[in-house]
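Below is one structure, written out as structure tokens; comments come after it.
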Amino acid sequence: MKLLRLATIYFEPIPEKWRSWKLGTGEATVETMGSWEVGSKLRLLVHATIGLAHEPDLTPEQGIIVPSEPRKELEISIESAANLIAVLESCKRSISSPSPYVAFLPEDDKSREWLHRTKGIIYNMQSIPFIQSRIKPDEKVLAILKDRMDGVALLSEALSHTHATGRFHEFLRLFERAFKLGPYKLIIPLARFLLGARNQGFTKTEIEAWLCKLRHPATHADRRLDFVLESDIRPVIHRMEQAAYDVLINKLNWRNPDTERMNLWEPQGGTSSATSPNLFVVQNSTPQISFQCLDEFMSYPMDLEAVIEHPPEDWFVKQFRENKSVDPKARI
């Protein structure tokens, strides 16, 4: 049995020589299924394929759990192919998930019968909620911002990035600038400061994840065997933006390691936890609530314009929406 991971890759400007291709990376193969011009971009529908040593695990409800290691290997292959073309053609690239974004290819009657006895592939689209921060430009706030234009410049740089990893680096630079501390010494002061951010639920564990777990592998690739990419950064980036606004406006002593707050400004709404999608909205305010739709694995944004209505007949693509009342530990 083989596992297939599907993706849409966008290139801009259009690389004319790369509308149809097949690339092998390790044990996986990446191949185009179609190409379309979308404005100034080229959209490619691709699938990556790898053989499985055994049948995937099932949930108690007989839903198929997509095995994580081969799935990640396929995603690395897709990203490697996209990166190679982007470098060769000196163009931008982005990757999304079509629907469906995974499939199985049975290679014998036994595998085919096993697949058809199941309820289908676990297929729960994920989402990241966020509320865009807005600042009412009153005299006090403007006076504070004029006093820390270096921080304004760094936040502006972050907001100008379309790539999550680029935004991540600029948010880190803003925090370091505000407290005049390096990343490791910054953990406790930043956590203490953000504890005073009403409704937002920042914790020391969350700050450590930004400054330790993610920062180093998102910045360096010299001694480590692995490094993180956009899919690893994406789940935290909106929380970091909330924190950046709070630090920029509410830190009393700019460029100082202390944790004194002014509480001059608070957001109209935002997320109240790093571990759950809970939103808060301040009474009598009307913020704009947005959701970024992601695939089951939170690897890529969903490409809502890419729906494969007629997949190859030998592909198994049946979807199963998991019963959320099932204990998630049952999937381990």
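In the structure tokens, the first chain shown is A, the next is B, and so on; residue numbers restart at 1 for each chain, and ligands run from 1 in the order shown.
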
| said: DSSP on the backbone: which residues in range 133-228 of chain A end up as helix (DSSP H, G or I)? Give the answer as an MDAnalysis selection string. | reply: chainID A and resid 139:146 149:160 164:179 183:195 204:219

Each residue of range 8-62 of chain A with at least one atom at most 9 Å from range 103-120 of chain A should appear once, together with its nearest atom pair and the corresponding distance in Å (one decimal); atoms considered: only C-alpha atoms; ordering: chain, then increasing residue number; output as CSV.
```
residue,atom,partner,partner_atom,distance
A:Glu55,CA,A:Ser111,CA,7.9
A:Leu58,CA,A:Thr118,CA,8.2
A:Glu61,CA,A:Lys119,CA,7.5
A:Gln62,CA,A:Thr118,CA,5.3
```

| message | Give me, as a VMD selection string, all polymer residues having an atom no more than 6 Å from Val46 in chain A, counting only C-alpha atoms and skipping those fewer than 2 positions away in the same chain. | response | chain A and resid 6 to 7 31 to 33

| task | For range 150-165 of chain A, list every protein, DNA or RNA residue within 10 Å, evaluated using only C-alpha atoms, and leave out those in the same chain fewer than 2 positions away; present the list as a PyMOL selection string. | result | chain A and resi 94+145-148+167-178+215+218-219+228-238+241+244-245+247-249+254-255

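You will find CA of Trp21 in chain A at 27.1 Å from CA of Glu296 in chain A.
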
| message | Which residues are close to range 258-266 of chain A, i.e. within 8 Å by only C-alpha atoms, leaving aside same-chain residues fewer than 5 positions away? Reply as a PyMOL selection string. | response | chain A and resi 135+141+179+189-190+192-193+196-198+246+249-253

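What separates CA of Glu75 in chain A from CA of Arg5 in chain A is a distance of 7.2 Å.
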
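If you count only C-alpha atoms and ignore residues fewer than 6 places along the chain from Ile121 in chain A, what sits within 9 Å of it is Gly63, Ile64, Ile65, Val66, Val102, Ala103, Phe104, Phe316, Val317, Lys318, Gln319, Phe320 and Arg321 of chain A.
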
| field | Interatomic distance, CA of Leu294 in chain A to CA of Glu309 in chain A (Å, one decimal) | value | 19.5 Å
